[in-house]
Amino acid sequence: MNLVPTAREIALRQRARSFFAKAGDAGSWQAFCREGLLDASITSAATPPLRDSADLAILLEELGRSLSRLPLASNVAAVITLARFGAPAASHLFNALAGGEASICIAVHGCDDAWIGNHVGLVGYHEAGTWRLRGDACWVEGFESSTYCLVAFAASGDEAQLALGVVRTDAPHIRCTTATSADGEPLCFLEFDDVELPDSHVLVSGPKATEALRHVKAMMAACHAAQMVGAADFVTETALDHCNQRQAFGAPLAALPVVRQQCAEMRIAIDAAWLLTAEAFWRLARDEPFAVQASQAKAFANERCLMVCRIGQQLHGASAFMQGHPVHSRYRHVASLSVRSGTAAEHRAFVASALLDCWRMS
Amino acid sequence: MGPRARRRRDIAVASLQQRRRMDFAFTPAEENLRGRVRAFIARQHANGVARPTTARLERRLPQDEQWRGIAWPAEWGGRGGSVTDQFIVEEEFCRAGYRIGSGETAAPHILAWGTDAQKQMFLPGILRGELRFAPAFTEPGCGTDLAAVRLTAINTGSAYVLRGTKLYISGADTATHLIVLARSDPSAVRHRGLSVFLVPTDALGIRIEPLPTVQASPPAPSGTIFGESVVFRIEFENAVVPIEARLGAEGEGWAVVTSNLTMDRVSARAYVSYVQQDELFVDWLRSADGARVRNDPVARDSVAALWIEHEVCRLFAMRTLSKAAQGESIAPESLIENAWGPEHAIRSSQRIGQLIGPGAQLLRGSERAVNDGVFAHNLLSAYQCAVHHGGVVVMRDLLARAIGLARGRSRRDEKP
């Protein structure tokens with residue numbers, strides 16, 4: 001057992017931080033892969049595709065800290081799900097994604113807004129040797145900048161017969177309506193009107209597809225939790241610096257007992273959210289069930305990271321409400337992430353189910 | 001570099017070489033140890049040892065000597081185990097309602113600060129379970145702020161004369177010795193001029209008076225957080241102790257006592273006290289009695305929130321243990337653990353009470369009491385949670401300092 005980051009993990013964090021600082025918003029997926037940052041985490045298309053570590057959590061935390069729009073979460077969620085569940089034919093896609101030549105977005109969220117569960121908004125009909133997809137996929141991040149889109153659909157309209165496939169984002173008959181989220185990230189609502197999906201692009205079907213869908217959803221939840229931790233950690237560090245420097249009532253803000261209590265509360269919340277998240281990724285990397293841990297991390301981070309950002313804003317005062325202030329930007333980012341990939345209530349319902357209903361199976 | 005510092009450095013270097021990644025699992029050997037401890041406790045029960053029914057702290061299992069001194073140096077009877085092994089043993093004993101080596105609180109700092117004569121005098125008795133220590137730090141005017149200690153220890157040249165009062169001391173009735181923090185230089189202020197003494201409880205001039213706690217009547221059932229029914233007020237009325245009773249150098253008491261507190265905070269006992277009621281509650285929910293609450297969607301949300309906090313307690317404890325096992329300083333990790341844990345226990349006791357409903361108020365022995373009243377007694381314990389291991393508010397203030405916030409106090413208060 002070791003819950004303390006090692007020298008290697010600290011070095012990885014530094015490398016990722018430097019990359020994101022240099023790359024800024026425009027950091028490309030290809031550049032990220034070329035930098036070799038994924039090499040420490042992802043092995044190959046073989047199962048398990050992750051090395052036995054929490055490295056991925058570190059990379060995602062740094063992503064959240066930097067506010068970069070790099071599609072790391074969706075790409076790794078797709079890559080690892082493909083490697084674990086995908087047909088052998090999917091290995092070329094794995095290589096394209098892991099090699100930085102392509103990127104992918106995740107479109108598995110139905111428009112009923114429920115994250116937990118198997119409901120999907122797309123229906124697939126098999127006609128003339130190919131699948132045709134109809135329906136909606138909502139809350140899709142990074143659609144317009146991705147090469148591919150991972151979709152889940154109910155085969156022949158039967159939700160008990162799920163399948164996962166990959167369509168090109170420039171495929172005909174996909175209509176994308178873009179909305180702007182609180183953090184400024186474009187979110188897409190997709191309408192599929194007889195979008196063609198060749199059999200070879202169906203990655204997993206049958207009973208394993210339900211498991212794969214849960215896997216990709218749990219991964220997205222864990223990824224977003226890690227990103228929130230990173231953003232909130234940045235806010236905490238910034239707030240500590242501010243409190244040490246800012247003079248109020250004849251002394252640094254840091255001298256006020258209530259400020260000290262608030263700063264400690266921020267640190268406690270961040271450390272808790274980080275450990276919950278890192279454990280989820282650690283289990284994922286060992287190919288162990290991790291959905292409960294991912295839900296624990298997401299439920300906790302949804303509320304506590306937002307709390308941390310709110311305290312950070314309060315400690316900074318009015319300046320943090322100004323457009324573009326680094327604390328306010330993180331607050332907006334966390335606020336958005338906290339309602340994507342499952343609300344706290346949804347994830348807690350899943351945790352409760354594991355604790356109270358399914359425990360005999362564990 | 002002294003031998004202790006060298007040993008710490010060697011442990012740290014060795015562990016850095018071994019550690020390549022974060023790892024959330026105990027090793028197979030550690031899991032095996034846990035299994036052996038559980039089997040030992042079960043065997044004792046099978047052999048007729050009664051299971052604990054009250055939350056008395058100083059209860060021992062017969063023949064538990066083999067589980068004492070797990071991580072001590074071999075030269076003093078240690079069994080070659082690691083800090084993690086010791087934690088596991090202690091955790092399992094605590095969960096079953098026993099203390100393993102009540103002398104453990106004293107042994108780490110006797111090992112660290114004691115003379116050879118003191119080690120020979122105390123350590124074998126602690127290992128055999130014959131010597132039990134009660135830390136006597138708190139006073140009427142000082143709790144978490146131990147630097148405000150006023151009990152004096154005047155050096156007469158051949159002995160020390162102790163005068164003053166210690167308050168809210170746990171386990172003093174069954175302890176053979178007290179670990180007393182005293183002001184050996186009354187002209188010094190705050191952290192300076194303090195010394196630590198190992199004082200027999202039957203020394204002349206010591207008067208021990210029981211103070212009933214909120215758990216006094218009826219006595220709290222096993223599994224209650226801080227279920228002691230009585231703590232003690234100890235008067236030192238010119239109690240004379242030999243010079244040899246001093247642990248560490250004169251005036252070095254602050255270092256001695258804070259190293260003790262640090263070691264104490266790696267202990268599993270605090271961790272178990274933070275989480276055990278959650279586990280008892282989940283067991284109850286899974287039983288037929290818990291069906292109403294188990295099937296209520298609002299209650300389920302609350303239970304999951306409670307459980308996630310429980311997981312945080314576990315992870316914080318494991319992280320502190322990881323650092324201790326690597327020979328590294330455990331600040332600020334232990335401060336985080338001990339600020340979070342007690343407040344979780346308070347929230348948890350309140351949440352459990354609200355979920356169970358009227359039955360949650362019934363104390364041990366009452367008809368219809370839930371789980372022998374443990375949740376009702378935990379509602380009472382919530383009073384103590386936030387002060388038992390040092391005030392949580394103070395923990396947060398210390399944490400603020402540890403994470404880099406400038407201090408706001410006057411220069412006079414600066415730690416030497």
# chains A, B, ... in the order shown; residues from 1 in each chain; ligands from 1
call {"tool": "interface_residues", "arguments": {"of": "chain B", "to": "chain A", "cutoff": "7 Å", "atoms": "only C-alpha atoms", "output": "MDAnalysis selection string"}}
result
chainID B and resid 19:27 286 294 300:301 303:305 308 312 315 318:319 322:323 336 396:397 399:400 405:408
call {"tool": "residues_around", "arguments": {"residues": "region 63-74 of chain B", "least_positions_apart": "4", "cutoff": "9 Å", "atoms": "only C-alpha atoms", "output": "count of residues only"}}
result
24
call {"tool": "select_by_dssp", "arguments": {"residues": "region 102-273 of chain B", "states": "helix (DSSP H, G or I)", "output": "PyMOL selection string"}}
result
chain B and resi 102-105+107-113+116-128+146-148+243-245+253-264+268-273
call {"tool": "closest_residue", "arguments": {"among": "B:Gln276, B:Phe93, B:Ala369, B:Tyr383", "to": "Gly223 (chain B)", "atoms": "only C-alpha atoms"}}
result
B:Gln276
call {"tool": "select_by_dssp", "arguments": {"residues": "region 56-173 of chain B", "states": "strand (DSSP E or B)", "output": "PyMOL selection string"}}
result
chain B and resi 133-136+139+142+152-155+159-169
call {"tool": "write_last_selection", "arguments": {"atoms": "N, CA and C atoms", "output": "compact mmCIF listing (two decimals), in the first residue's frame"}}
result
# COMPACT_ATOMS: atom_id res chain seq x y z
N PHE B 133 -0.28 2.73 30.47
CA PHE B 133 -0.02 4.16 30.64
C PHE B 133 -1.26 4.97 30.27
N ALA B 134 -1.45 6.04 30.97
CA ALA B 134 -2.50 7.00 30.60
C ALA B 134 -1.82 8.34 30.37
N PRO B 135 -1.99 8.92 29.18
CA PRO B 135 -1.43 10.25 28.93
C PRO B 135 -2.15 11.29 29.79
N ALA B 136 -1.38 12.06 30.52
CA ALA B 136 -1.97 13.10 31.38
C ALA B 136 -1.45 14.45 30.91
N GLU B 139 -5.28 20.07 31.15
CA GLU B 139 -5.43 20.71 32.46
C GLU B 139 -6.69 21.57 32.46
N CYS B 142 -6.05 24.26 29.95
CA CYS B 142 -5.45 23.97 28.64
C CYS B 142 -5.87 22.60 28.14
N THR B 152 3.43 22.23 37.60
CA THR B 152 4.88 22.46 37.72
C THR B 152 5.61 21.21 38.19
N ALA B 153 6.85 21.11 37.76
CA ALA B 153 7.74 20.04 38.22
C ALA B 153 9.04 20.73 38.62
N ILE B 154 9.20 20.91 39.91
CA ILE B 154 10.36 21.64 40.41
C ILE B 154 11.50 20.67 40.73
N ASN B 155 12.64 20.93 40.13
CA ASN B 155 13.82 20.07 40.32
C ASN B 155 14.50 20.47 41.63
N ALA B 159 15.24 15.08 43.01
CA ALA B 159 13.92 14.62 42.59
C ALA B 159 13.16 15.81 41.99
N TYR B 160 11.99 15.49 41.46
CA TYR B 160 11.08 16.55 41.00
C TYR B 160 9.86 16.54 41.90
N VAL B 161 9.36 17.72 42.18
CA VAL B 161 8.12 17.83 42.94
C VAL B 161 7.03 18.36 42.00
N LEU B 162 6.01 17.54 41.83
CA LEU B 162 4.93 17.89 40.89
C LEU B 162 3.76 18.49 41.64
N ARG B 163 3.27 19.61 41.08
CA ARG B 163 2.17 20.29 41.75
C ARG B 163 1.23 20.86 40.68
N GLY B 164 -0.03 20.50 40.81
CA GLY B 164 -1.01 21.00 39.83
C GLY B 164 -2.10 19.98 39.58
N THR B 165 -2.86 20.22 38.50
CA THR B 165 -4.03 19.38 38.22
C THR B 165 -4.05 18.95 36.76
N LYS B 166 -4.38 17.71 36.54
CA LYS B 166 -4.66 17.22 35.19
C LYS B 166 -6.14 16.85 35.14
N LEU B 167 -6.73 17.05 33.98
CA LEU B 167 -8.18 16.92 33.89
C LEU B 167 -8.57 16.11 32.66
N TYR B 168 -9.71 15.42 32.76
CA TYR B 168 -10.29 14.63 31.66
C TYR B 168 -9.32 13.56 31.17
N ILE B 169 -8.70 12.87 32.08
CA ILE B 169 -7.72 11.84 31.73
C ILE B 169 -8.43 10.49 31.61
call {"tool": "residues_around", "arguments": {"residues": "Arg214 (chain A)", "least_positions_apart": "3", "cutoff": "8 Å", "atoms": "only C-alpha atoms", "output": "list in words"}}
result
Gly117, Asn118, Thr210, Glu211, Lys217, Ala218 and Ala291 of chain A
call {"tool": "residues_around", "arguments": {"residues": "region 161-164 of chain A", "least_positions_apart": "3", "cutoff": "12 Å", "atoms": "only C-alpha atoms", "output": "ChimeraX atom specification"}}
result
/A:78,81-82,85-87,90,106-108,118-126,131,133,149-158,167,197,199-216
call {"tool": "residues_around", "arguments": {"residues": "Phe189 (chain A)", "least_positions_apart": "4", "cutoff": "6 Å", "atoms": "only C-alpha atoms", "output": "number ranges by chain"}}
result
A: 138-139, 176-177
call {"tool": "write_last_selection", "arguments": {"atoms": "C-alpha atoms", "output": "PDB file, in the first residue's frame"}}
result
ATOM      1  CA  CYS A 138     -27.165  14.988 -26.075  1.00  0.00           C
ATOM      2  CA  TRP A 139     -24.529  16.815 -24.081  1.00  0.00           C
ATOM      3  CA  CYS A 176     -25.414  19.263 -34.667  1.00  0.00           C
ATOM      4  CA  THR A 177     -26.920  22.033 -32.596  1.00  0.00           C
TER       5      THR A 177
END
call {"tool": "residues_around", "arguments": {"residues": "Ser334 (chain B)", "least_positions_apart": "2", "cutoff": "9 Å", "atoms": "only C-alpha atoms", "output": "CSV table (one decimal) with N, CA and C atoms, in the first residue's frame"}}
result
chain,number,residue,atom,x,y,z
B,262,THR,N,2.1,12.6,17.5
B,262,THR,CA,2.2,12.2,16.1
B,262,THR,C,2.1,10.7,16.0
B,265,ARG,N,-1.3,9.4,16.4
B,265,ARG,CA,-2.3,9.7,15.3
B,265,ARG,C,-2.1,8.8,14.1
B,266,VAL,N,-1.1,7.9,14.2
B,266,VAL,CA,-1.0,6.9,13.1
B,266,VAL,C,-1.8,5.7,13.6
B,316,PHE,N,-7.8,8.7,4.0
B,316,PHE,CA,-7.0,9.6,4.8
B,316,PHE,C,-6.1,8.8,5.7
B,317,ALA,N,-6.7,7.8,6.4
B,317,ALA,CA,-5.9,7.0,7.3
B,317,ALA,C,-4.9,6.2,6.6
B,319,ARG,N,-3.4,7.0,3.9
B,319,ARG,CA,-2.3,7.9,3.4
B,319,ARG,C,-1.4,8.2,4.6
B,320,THR,N,-2.0,8.5,5.7
B,320,THR,CA,-1.1,8.8,6.9
B,320,THR,C,-0.2,7.7,7.2
B,321,LEU,N,-0.8,6.5,7.1
B,321,LEU,CA,-0.1,5.3,7.4
B,321,LEU,C,1.0,5.1,6.4
B,330,ILE,N,4.4,13.0,9.0
B,330,ILE,CA,3.0,12.7,8.6
B,330,ILE,C,2.2,14.0,8.7
B,331,ALA,N,2.8,15.2,8.9
B,331,ALA,CA,2.1,16.4,8.7
B,331,ALA,C,2.2,16.9,7.3
B,332,PRO,N,1.2,17.4,6.6
B,332,PRO,CA,-0.1,17.7,7.2
B,332,PRO,C,-1.1,16.6,7.1
B,336,ILE,N,-5.0,16.6,8.5
B,336,ILE,CA,-6.2,16.4,7.6
B,336,ILE,C,-7.1,15.3,8.1
B,337,GLU,N,-6.5,14.2,8.4
B,337,GLU,CA,-7.2,13.0,8.8
B,337,GLU,C,-8.0,13.3,10.1
B,338,ASN,N,-7.3,14.0,11.0
B,338,ASN,CA,-7.9,14.2,12.3
B,338,ASN,C,-8.8,15.5,12.4
B,339,ALA,N,-8.8,16.2,11.3
B,339,ALA,CA,-9.8,17.3,11.2
B,339,ALA,C,-11.1,16.7,10.5
call {"tool": "closest_residue", "arguments": {"among": "A:Ser319, A:Ser341, A:Thr236, A:Gln30", "to": "Leu97 (chain A)", "atoms": "only C-alpha atoms"}}
result
A:Gln30
call {"tool": "residues_around", "arguments": {"residues": "Phe94 (chain A)", "least_positions_apart": "3", "cutoff": "12 Å", "atoms": "only C-alpha atoms", "output": "PyMOL selection string"}}
result
chain A and resi 42-46+49+75-91+97-104+148+166+203
